[in-house]
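work26.pdb follows (PDB, N, CA, C and O atoms):
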ATOM      1  N   GLY U  97     -17.958 -39.675  58.853
ATOM      2  CA  GLY U  97     -18.661 -40.698  58.457
ATOM      3  C   GLY U  97     -18.142 -41.996  57.984
ATOM      4  O   GLY U  97     -18.332 -42.986  58.666
ATOM      5  N   TYR U  98     -17.544 -42.038  56.806
ATOM      6  CA  TYR U  98     -17.250 -43.340  56.216
ATOM      7  C   TYR U  98     -16.220 -44.132  57.002
ATOM      8  O   TYR U  98     -16.210 -45.351  56.942
ATOM      9  N   ASN U  99     -15.335 -43.481  57.751
ATOM     10  CA  ASN U  99     -14.354 -44.266  58.501
ATOM     11  C   ASN U  99     -14.917 -44.795  59.811
ATOM     12  O   ASN U  99     -14.229 -45.491  60.530
ATOM     13  N   ASP U 100     -16.167 -44.490  60.114
ATOM     14  CA  ASP U 100     -16.826 -45.057  61.284
ATOM     15  C   ASP U 100     -17.435 -46.410  60.938
ATOM     16  O   ASP U 100     -18.584 -46.702  61.246
ATOM     17  N   ASN U 101     -16.628 -47.237  60.294
ATOM     18  CA  ASN U 101     -17.061 -48.551  59.850
ATOM     19  C   ASN U 101     -15.829 -49.440  59.799
ATOM     20  O   ASN U 101     -14.790 -49.037  59.291
ATOM     21  N   VAL U 102     -15.931 -50.636  60.319
ATOM     22  CA  VAL U 102     -14.806 -51.571  60.363
ATOM     23  C   VAL U 102     -14.259 -51.837  58.961
ATOM     24  O   VAL U 102     -13.050 -51.971  58.769
ATOM     25  N   PHE U 103     -15.122 -51.861  57.964
ATOM     26  CA  PHE U 103     -14.705 -52.142  56.591
ATOM     27  C   PHE U 103     -13.616 -51.182  56.119
ATOM     28  O   PHE U 103     -12.681 -51.577  55.422
ATOM     29  N   TYR U 104     -13.716 -49.920  56.500
ATOM     30  CA  TYR U 104     -12.744 -48.899  56.115
ATOM     31  C   TYR U 104     -11.332 -49.290  56.555
ATOM     32  O   TYR U 104     -10.357 -48.985  55.870
ATOM     33  N   TYR U 105     -11.207 -49.983  57.667
ATOM     34  CA  TYR U 105      -9.908 -50.356  58.228
ATOM     35  C   TYR U 105      -9.425 -51.728  57.747
ATOM     36  O   TYR U 105      -8.234 -52.020  57.820
ATOM     37  N   GLU U 106     -10.329 -52.555  57.274
ATOM     38  CA  GLU U 106      -9.955 -53.915  56.870
ATOM     39  C   GLU U 106      -9.039 -53.942  55.654
ATOM     40  O   GLU U 106      -8.109 -54.742  55.598
ATOM     41  N   ARG U 107      -9.289 -53.119  54.686
ATOM     42  CA  ARG U 107      -8.479 -53.160  53.466
ATOM     43  C   ARG U 107      -7.012 -52.832  53.737
ATOM     44  O   ARG U 107      -6.137 -53.592  53.326
ATOM     45  N   PRO U 108      -6.686 -51.718  54.414
ATOM     46  CA  PRO U 108      -5.268 -51.453  54.695
ATOM     47  C   PRO U 108      -4.638 -52.551  55.558
ATOM     48  O   PRO U 108      -3.486 -52.932  55.341
ATOM     49  N   PHE U 109      -5.416 -53.073  56.512
ATOM     50  CA  PHE U 109      -4.910 -54.172  57.336
ATOM     51  C   PHE U 109      -4.527 -55.363  56.457
ATOM     52  O   PHE U 109      -3.441 -55.930  56.592
ATOM     53  N   LYS U 110      -5.420 -55.741  55.557
ATOM     54  CA  LYS U 110      -5.157 -56.889  54.680
ATOM     55  C   LYS U 110      -3.972 -56.637  53.753
ATOM     56  O   LYS U 110      -3.223 -57.552  53.438
ATOM     57  N   ILE U 111      -3.796 -55.405  53.318
ATOM     58  CA  ILE U 111      -2.638 -55.090  52.475
ATOM     59  C   ILE U 111      -1.353 -55.299  53.264
ATOM     60  O   ILE U 111      -0.420 -55.948  52.792
ATOM     61  N   PHE U 112      -1.285 -54.743  54.487
ATOM     62  CA  PHE U 112      -0.097 -54.945  55.325
ATOM     63  C   PHE U 112       0.145 -56.424  55.591
ATOM     64  O   PHE U 112       1.260 -56.912  55.460
ATOM     65  N   TYR U 113      -0.908 -57.122  55.979
ATOM     66  CA  TYR U 113      -0.756 -58.497  56.455
ATOM     67  C   TYR U 113      -0.631 -59.520  55.326
ATOM     68  O   TYR U 113       0.293 -60.334  55.319
ATOM     69  N   GLU U 114      -1.525 -59.474  54.383
ATOM     70  CA  GLU U 114      -1.580 -60.506  53.350
ATOM     71  C   GLU U 114      -0.707 -60.190  52.136
ATOM     72  O   GLU U 114       0.005 -61.055  51.642
ATOM     73  N   LYS U 115      -0.784 -58.983  51.642
ATOM     74  CA  LYS U 115      -0.052 -58.640  50.418
ATOM     75  C   LYS U 115       1.421 -58.345  50.674
ATOM     76  O   LYS U 115       2.292 -58.794  49.941
ATOM     77  N   LEU U 116       1.701 -57.558  51.727
ATOM     78  CA  LEU U 116       3.081 -57.152  52.001
ATOM     79  C   LEU U 116       3.791 -58.067  52.988
ATOM     80  O   LEU U 116       4.993 -57.932  53.195
ATOM     81  N   ASN U 117       3.035 -58.972  53.626
ATOM     82  CA  ASN U 117       3.585 -59.880  54.632
ATOM     83  C   ASN U 117       4.344 -59.121  55.727
ATOM     84  O   ASN U 117       5.482 -59.441  56.048
ATOM     85  N   LYS U 118       3.683 -58.110  56.261
ATOM     86  CA  LYS U 118       4.254 -57.294  57.342
ATOM     87  C   LYS U 118       3.302 -57.346  58.537
ATOM     88  O   LYS U 118       2.551 -56.401  58.789
ATOM     89  N   PRO U 119       3.334 -58.448  59.277
ATOM     90  CA  PRO U 119       2.366 -58.618  60.363
ATOM     91  C   PRO U 119       2.495 -57.581  61.478
ATOM     92  O   PRO U 119       1.473 -57.141  62.015
ATOM     93  N   GLU U 120       3.698 -57.177  61.829
ATOM     94  CA  GLU U 120       3.833 -56.197  62.907
ATOM     95  C   GLU U 120       3.282 -54.839  62.494
ATOM     96  O   GLU U 120       2.669 -54.146  63.309
ATOM     97  N   GLU U 121       3.467 -54.463  61.235
ATOM     98  CA  GLU U 121       2.877 -53.225  60.744
ATOM     99  C   GLU U 121       1.358 -53.314  60.729
ATOM    100  O   GLU U 121       0.670 -52.340  61.025
ATOM    101  N   ALA U 122       0.836 -54.492  60.388
ATOM    102  CA  ALA U 122      -0.612 -54.694  60.411
ATOM    103  C   ALA U 122      -1.155 -54.525  61.828
ATOM    104  O   ALA U 122      -2.192 -53.885  62.036
ATOM    105  N   ILE U 123      -0.441 -55.074  62.802
ATOM    106  CA  ILE U 123      -0.855 -54.941  64.204
ATOM    107  C   ILE U 123      -0.795 -53.480  64.634
ATOM    108  O   ILE U 123      -1.730 -52.971  65.273
ATOM    109  N   ASN U 124       0.282 -52.788  64.284
ATOM    110  CA  ASN U 124       0.408 -51.368  64.636
ATOM    111  C   ASN U 124      -0.735 -50.560  64.025
ATOM    112  O   ASN U 124      -1.283 -49.659  64.668
ATOM    113  N   PHE U 125      -1.094 -50.885  62.793
ATOM    114  CA  PHE U 125      -2.204 -50.200  62.140
ATOM    115  C   PHE U 125      -3.505 -50.413  62.908
ATOM    116  O   PHE U 125      -4.262 -49.467  63.146
ATOM    117  N   LEU U 126      -3.754 -51.657  63.309
ATOM    118  CA  LEU U 126      -4.989 -51.938  64.047
ATOM    119  C   LEU U 126      -5.001 -51.255  65.407
ATOM    120  O   LEU U 126      -6.045 -50.759  65.842
ATOM    121  N   GLU U 127      -3.867 -51.213  66.074
ATOM    122  CA  GLU U 127      -3.807 -50.531  67.377
ATOM    123  C   GLU U 127      -4.090 -49.038  67.219
ATOM    124  O   GLU U 127      -4.804 -48.457  68.043
ATOM    125  N   SER U 128      -3.567 -48.418  66.180
ATOM    126  CA  SER U 128      -3.870 -46.998  65.961
ATOM    127  C   SER U 128      -5.331 -46.820  65.521
ATOM    128  O   SER U 128      -5.951 -45.804  65.823
ATOM    129  N   SER U 129      -5.869 -47.822  64.842
ATOM    130  CA  SER U 129      -7.272 -47.760  64.415
ATOM    131  C   SER U 129      -8.218 -47.786  65.606
ATOM    132  O   SER U 129      -9.284 -47.164  65.566
ATOM    133  N   ILE U 130      -7.847 -48.498  66.663
ATOM    134  CA  ILE U 130      -8.679 -48.547  67.871
ATOM    135  C   ILE U 130      -8.831 -47.148  68.445
ATOM    136  O   ILE U 130      -9.907 -46.768  68.913
ATOM    137  N   LYS U 131      -7.772 -46.354  68.374
ATOM    138  CA  LYS U 131      -7.831 -44.978  68.894
ATOM    139  C   LYS U 131      -8.754 -44.105  68.044
ATOM    140  O   LYS U 131      -9.467 -43.257  68.563
ATOM    141  N   LYS U 132      -8.746 -44.340  66.725
ATOM    142  CA  LYS U 132      -9.586 -43.538  65.821
ATOM    143  C   LYS U 132     -11.036 -44.005  65.812
ATOM    144  O   LYS U 132     -11.945 -43.212  65.612
ATOM    145  N   TYR U 133     -11.233 -45.313  65.982
ATOM    146  CA  TYR U 133     -12.575 -45.899  65.915
ATOM    147  C   TYR U 133     -12.735 -46.916  67.045
ATOM    148  O   TYR U 133     -12.670 -48.121  66.830
ATOM    149  N   PRO U 134     -12.946 -46.448  68.272
ATOM    150  CA  PRO U 134     -13.040 -47.340  69.433
ATOM    151  C   PRO U 134     -14.153 -48.384  69.338
ATOM    152  O   PRO U 134     -14.042 -49.457  69.923
ATOM    153  N   LYS U 135     -15.205 -48.103  68.563
ATOM    154  CA  LYS U 135     -16.285 -49.077  68.423
ATOM    155  C   LYS U 135     -15.818 -50.342  67.717
ATOM    156  O   LYS U 135     -16.457 -51.378  67.814
ATOM    157  N   GLY U 136     -14.710 -50.266  67.005
ATOM    158  CA  GLY U 136     -14.175 -51.428  66.297
ATOM    159  C   GLY U 136     -13.200 -52.246  67.125
ATOM    160  O   GLY U 136     -12.603 -53.199  66.615
ATOM    161  N   LYS U 137     -13.048 -51.914  68.399
ATOM    162  CA  LYS U 137     -12.023 -52.565  69.216
ATOM    163  C   LYS U 137     -12.177 -54.082  69.278
ATOM    164  O   LYS U 137     -11.180 -54.803  69.241
ATOM    165  N   LEU U 138     -13.374 -54.580  69.348
ATOM    166  CA  LEU U 138     -13.562 -56.030  69.455
ATOM    167  C   LEU U 138     -13.012 -56.745  68.216
ATOM    168  O   LEU U 138     -12.215 -57.669  68.329
ATOM    169  N   ILE U 139     -13.399 -56.313  67.050
ATOM    170  CA  ILE U 139     -12.941 -56.984  65.833
ATOM    171  C   ILE U 139     -11.463 -56.718  65.582
ATOM    172  O   ILE U 139     -10.725 -57.600  65.152
ATOM    173  N   PHE U 140     -10.992 -55.509  65.889
ATOM    174  CA  PHE U 140      -9.571 -55.208  65.726
ATOM    175  C   PHE U 140      -8.742 -56.072  66.670
ATOM    176  O   PHE U 140      -7.686 -56.583  66.288
ATOM    177  N   SER U 141      -9.216 -56.247  67.888
ATOM    178  CA  SER U 141      -8.512 -57.101  68.853
ATOM    179  C   SER U 141      -8.476 -58.552  68.383
ATOM    180  O   SER U 141      -7.480 -59.249  68.548
ATOM    181  N   TYR U 142      -9.564 -58.991  67.782
ATOM    182  CA  TYR U 142      -9.601 -60.341  67.226
ATOM    183  C   TYR U 142      -8.539 -60.502  66.137
ATOM    184  O   TYR U 142      -7.797 -61.481  66.114
ATOM    185  N   PHE U 143      -8.468 -59.535  65.225
ATOM    186  CA  PHE U 143      -7.477 -59.613  64.151
ATOM    187  C   PHE U 143      -6.051 -59.567  64.705
ATOM    188  O   PHE U 143      -5.172 -60.266  64.208
ATOM    189  N   ILE U 144      -5.810 -58.751  65.721
ATOM    190  CA  ILE U 144      -4.481 -58.686  66.337
ATOM    191  C   ILE U 144      -4.120 -60.049  66.916
ATOM    192  O   ILE U 144      -3.015 -60.564  66.687
ATOM    193  N   ALA U 145      -5.029 -60.638  67.664
ATOM    194  CA  ALA U 145      -4.784 -61.955  68.263
ATOM    195  C   ALA U 145      -4.550 -63.007  67.177
ATOM    196  O   ALA U 145      -3.660 -63.858  67.310
ATOM    197  N   LYS U 146      -5.314 -62.938  66.108
ATOM    198  CA  LYS U 146      -5.184 -63.897  65.012
ATOM    199  C   LYS U 146      -3.814 -63.794  64.340
ATOM    200  O   LYS U 146      -3.161 -64.805  64.084
ATOM    201  N   VAL U 147      -3.369 -62.581  64.068
ATOM    202  CA  VAL U 147      -2.058 -62.376  63.447
ATOM    203  C   VAL U 147      -0.953 -62.896  64.363
ATOM    204  O   VAL U 147      -0.038 -63.595  63.918
ATOM    205  N   CYS U 148      -1.043 -62.558  65.647
ATOM    206  CA  CYS U 148      -0.031 -63.017  66.609
ATOM    207  C   CYS U 148       0.044 -64.544  66.639
ATOM    208  O   CYS U 148       1.140 -65.113  66.659
ATOM    209  N   ALA U 149      -1.097 -65.196  66.622
ATOM    210  CA  ALA U 149      -1.128 -66.665  66.659
ATOM    211  C   ALA U 149      -0.623 -67.267  65.358
ATOM    212  O   ALA U 149       0.192 -68.194  65.372
ATOM    213  N   GLU U 150      -1.095 -66.761  64.237
ATOM    214  CA  GLU U 150      -0.701 -67.321  62.942
ATOM    215  C   GLU U 150       0.788 -67.154  62.660
ATOM    216  O   GLU U 150       1.426 -68.048  62.105
ATOM    217  N   LYS U 151       1.320 -66.010  63.025
ATOM    218  CA  LYS U 151       2.734 -65.726  62.741
ATOM    219  C   LYS U 151       3.657 -66.077  63.912
ATOM    220  O   LYS U 151       4.873 -65.921  63.806
ATOM    221  N   GLU U 152       3.045 -66.523  65.020
ATOM    222  CA  GLU U 152       3.796 -66.882  66.224
ATOM    223  C   GLU U 152       4.716 -65.749  66.667
ATOM    224  O   GLU U 152       5.914 -65.928  66.887
ATOM    225  N   ILE U 153       4.128 -64.562  66.796
ATOM    226  CA  ILE U 153       4.851 -63.374  67.233
ATOM    227  C   ILE U 153       4.070 -62.707  68.354
ATOM    228  O   ILE U 153       2.867 -62.951  68.524
ATOM    229  N   LEU U 154       4.745 -61.881  69.111
ATOM    230  CA  LEU U 154       4.114 -61.020  70.115
ATOM    231  C   LEU U 154       3.074 -61.770  70.947
ATOM    232  O   LEU U 154       1.923 -61.363  71.073
ATOM    233  N   ARG U 155       3.501 -62.872  71.521
ATOM    234  CA  ARG U 155       2.604 -63.760  72.266
ATOM    235  C   ARG U 155       1.803 -63.027  73.348
ATOM    236  O   ARG U 155       0.594 -63.209  73.449
ATOM    237  N   THR U 156       2.462 -62.205  74.138
ATOM    238  CA  THR U 156       1.777 -61.491  75.219
ATOM    239  C   THR U 156       0.682 -60.583  74.663
ATOM    240  O   THR U 156      -0.427 -60.536  75.190
ATOM    241  N   LYS U 157       0.997 -59.876  73.583
ATOM    242  CA  LYS U 157       0.009 -58.991  72.956
ATOM    243  C   LYS U 157      -1.160 -59.804  72.409
ATOM    244  O   LYS U 157      -2.318 -59.416  72.533
ATOM    245  N   GLY U 158      -0.864 -60.936  71.792
ATOM    246  CA  GLY U 158      -1.916 -61.790  71.261
ATOM    247  C   GLY U 158      -2.837 -62.297  72.352
ATOM    248  O   GLY U 158      -4.066 -62.266  72.209
ATOM    249  N   LEU U 159      -2.245 -62.754  73.457
ATOM    250  CA  LEU U 159      -3.053 -63.254  74.580
ATOM    251  C   LEU U 159      -3.900 -62.148  75.198
ATOM    252  O   LEU U 159      -5.063 -62.370  75.545
ATOM    253  N   LYS U 160      -3.323 -60.969  75.322
ATOM    254  CA  LYS U 160      -4.063 -59.830  75.881
ATOM    255  C   LYS U 160      -5.281 -59.517  75.015
ATOM    256  O   LYS U 160      -6.376 -59.274  75.527
ATOM    257  N   ASN U 161      -5.099 -59.547  73.706
ATOM    258  CA  ASN U 161      -6.205 -59.228  72.803
ATOM    259  C   ASN U 161      -7.257 -60.326  72.757
ATOM    260  O   ASN U 161      -8.449 -60.032  72.684
ATOM    261  N   ILE U 162      -6.843 -61.578  72.816
ATOM    262  CA  ILE U 162      -7.842 -62.658  72.818
ATOM    263  C   ILE U 162      -8.613 -62.658  74.134
ATOM    264  O   ILE U 162      -9.820 -62.914  74.146
ATOM    265  N   ASP U 163      -7.945 -62.318  75.230
ATOM    266  CA  ASP U 163      -8.651 -62.188  76.510
ATOM    267  C   ASP U 163      -9.714 -61.096  76.435
ATOM    268  O   ASP U 163     -10.823 -61.263  76.938
ATOM    269  N   TYR U 164      -9.370 -59.979  75.789
ATOM    270  CA  TYR U 164     -10.342 -58.905  75.614
ATOM    271  C   TYR U 164     -11.547 -59.406  74.810
ATOM    272  O   TYR U 164     -12.695 -59.141  75.172
ATOM    273  N   CYS U 165     -11.278 -60.134  73.748
ATOM    274  CA  CYS U 165     -12.363 -60.652  72.901
ATOM    275  C   CYS U 165     -13.285 -61.589  73.685
ATOM    276  O   CYS U 165     -14.501 -61.508  73.561
ATOM    277  N   ILE U 166     -12.691 -62.455  74.469
ATOM    278  CA  ILE U 166     -13.484 -63.393  75.262
ATOM    279  C   ILE U 166     -14.342 -62.640  76.268
ATOM    280  O   ILE U 166     -15.529 -62.934  76.438
ATOM    281  N   LYS U 167     -13.754 -61.655  76.916
ATOM    282  CA  LYS U 167     -14.463 -60.875  77.934
ATOM    283  C   LYS U 167     -15.605 -60.056  77.331
ATOM    284  O   LYS U 167     -16.674 -59.940  77.907
ATOM    285  N   GLU U 168     -15.406 -59.514  76.139
ATOM    286  CA  GLU U 168     -16.381 -58.615  75.529
ATOM    287  C   GLU U 168     -17.332 -59.287  74.545
ATOM    288  O   GLU U 168     -18.236 -58.642  74.030
ATOM    289  N   PHE U 169     -17.136 -60.554  74.278
ATOM    290  CA  PHE U 169     -17.943 -61.261  73.285
ATOM    291  C   PHE U 169     -19.403 -61.353  73.701
ATOM    292  O   PHE U 169     -19.732 -61.668  74.827
ATOM    293  N   LYS U 170     -20.256 -61.058  72.750
ATOM    294  CA  LYS U 170     -21.693 -61.260  72.899
ATOM    295  C   LYS U 170     -22.212 -61.590  71.511
ATOM    296  O   LYS U 170     -22.080 -60.789  70.586
ATOM    297  N   GLU U 171     -22.784 -62.760  71.346
ATOM    298  CA  GLU U 171     -23.179 -63.215  70.017
ATOM    299  C   GLU U 171     -24.309 -62.366  69.442
ATOM    300  O   GLU U 171     -25.209 -61.937  70.142
ATOM    301  N   ASN U 172     -24.200 -62.123  68.135
ATOM    302  CA  ASN U 172     -25.275 -61.518  67.373
ATOM    303  C   ASN U 172     -25.395 -62.293  66.068
ATOM    304  O   ASN U 172     -24.777 -63.332  65.919
ATOM    305  N   ARG U 173     -26.129 -61.818  65.124
ATOM    306  CA  ARG U 173     -26.324 -62.608  63.907
ATOM    307  C   ARG U 173     -25.051 -62.753  63.077
ATOM    308  O   ARG U 173     -24.931 -63.668  62.292
ATOM    309  N   LYS U 174     -24.063 -61.884  63.259
ATOM    310  CA  LYS U 174     -22.778 -62.038  62.589
ATOM    311  C   LYS U 174     -21.841 -62.924  63.405
ATOM    312  O   LYS U 174     -20.791 -63.290  62.944
ATOM    313  N   GLY U 175     -22.206 -63.202  64.635
ATOM    314  CA  GLY U 175     -21.383 -64.059  65.484
ATOM    315  C   GLY U 175     -20.568 -63.303  66.505
ATOM    316  O   GLY U 175     -19.961 -63.904  67.361
ATOM    317  N   TYR U 176     -20.560 -61.980  66.445
ATOM    318  CA  TYR U 176     -19.802 -61.215  67.432
ATOM    319  C   TYR U 176     -20.436 -59.843  67.628
ATOM    320  O   TYR U 176     -21.075 -59.313  66.747
ATOM    321  N   LYS U 177     -20.218 -59.321  68.795
ATOM    322  CA  LYS U 177     -20.675 -57.974  69.092
ATOM    323  C   LYS U 177     -20.078 -57.567  70.418
ATOM    324  O   LYS U 177     -20.008 -58.362  71.353
ATOM    325  N   SER U 178     -19.656 -56.348  70.513
ATOM    326  CA  SER U 178     -19.124 -55.839  71.764
ATOM    327  C   SER U 178     -20.248 -55.692  72.757
ATOM    328  O   SER U 178     -21.356 -55.281  72.416
ATOM    329  N   ARG U 179     -19.984 -56.018  74.001
ATOM    330  CA  ARG U 179     -21.004 -55.855  75.050
ATOM    331  C   ARG U 179     -21.335 -54.387  75.276
ATOM    332  O   ARG U 179     -22.365 -54.063  75.806
ATOM    333  N   ARG U 180     -20.431 -53.519  74.876
ATOM    334  CA  ARG U 180     -20.649 -52.099  75.080
ATOM    335  C   ARG U 180     -21.475 -51.478  73.955
ATOM    336  O   ARG U 180     -21.865 -50.330  74.038
ATOM    337  N   SER U 181     -21.705 -52.200  72.881
ATOM    338  CA  SER U 181     -22.466 -51.649  71.744
ATOM    339  C   SER U 181     -23.947 -51.661  72.023
ATOM    340  O   SER U 181     -24.481 -52.441  72.687
TER     341      SER U 181
END
If you took the structure in this file and wrote it as structure tokens, what would it be?
Amino acid sequence: GYNDNVFYYERPFKIFYEKLNKPEEAINFLESSIKKYPKGKLIFSYFIAKVCAEKEILRTKGLKNIDYCIKEFKENRKGYKSRRS
């Protein structure tokens, strides 16, 4: 149950990325999170692309994830939603 929610994954991601300043670990965490919670792939991919752009690292991975977001984007009242949802 409770881990079937994007919020469950956001806190550890933010700790890796913002508090510990470990962007690659944050990306690795999100990639493993996609395997555990595939419904979160759109938002996780967005965060991966954002980290890659902000930290200017892993350009290919960042582009791949932003391409996924563009392809799967469908607006809802929060501004995003996977087309598969």
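Those residues that approach U:Ile123 to within 8 Å, counting all atoms listed in the file, are U:Phe109, U:Phe112, U:Tyr113, U:Lys118, U:Pro119, U:Glu120, U:Leu126, U:Glu127, U:Ser128, U:Ser129, U:Ile130, U:Phe140, U:Phe143, U:Ile144, U:Ala145, U:Val147, U:Cys148; same-chain residues fewer than 3 positions away are not listed.
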Find the smallest box with edges along x, y and z containing every listed atom of stretch 112-122 of chain U, then add 5 Å on each side and report centre and edge lengths in Å to one decimal, as JSON.
{"center_x": 1.6, "center_y": -56.7, "center_z": 56.6, "size_x": 17.7, "size_y": 18.7, "size_z": 23.4}
Exercise for review: Write out as a PyMOL selection string all residues of chain U that DSSP puts in helix (DSSP H, G or I) for this structure's backbone.
Suggested key: chain U and resi 102-115+119-132+134-151+155-168
Practice item. Would you mind telling me which residue in U:Val102, U:Leu116, U:Ala122, U:Ile162 lies nearest to U:Ser141 when using only N, CA, C and O atoms? Key: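 The shortest atom-to-atom distance to U:Ser141 comes from U:Ile162.
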Exercise for review: Considering only N, CA, C and O atoms, state which residue in the set U:Lys131, U:Pro108, U:Glu121, U:Leu138 is at the smallest distance from U:Glu168.
Suggested key: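 The shortest atom-to-atom distance to U:Glu168 comes from U:Leu138.
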Exercise for review: Could you jot down the atom O of U:Ile166 to atom N of U:Tyr105 separation for me, Å, one decimal place?
Suggested key: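 Atom O of U:Ile166 sits 23.2 Å away from atom N of U:Tyr105.
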Study note, to complete from the structure: One decimal place gives the atom C of U:Gly136-atom N of U:Asn101 separation as 9.1 Å
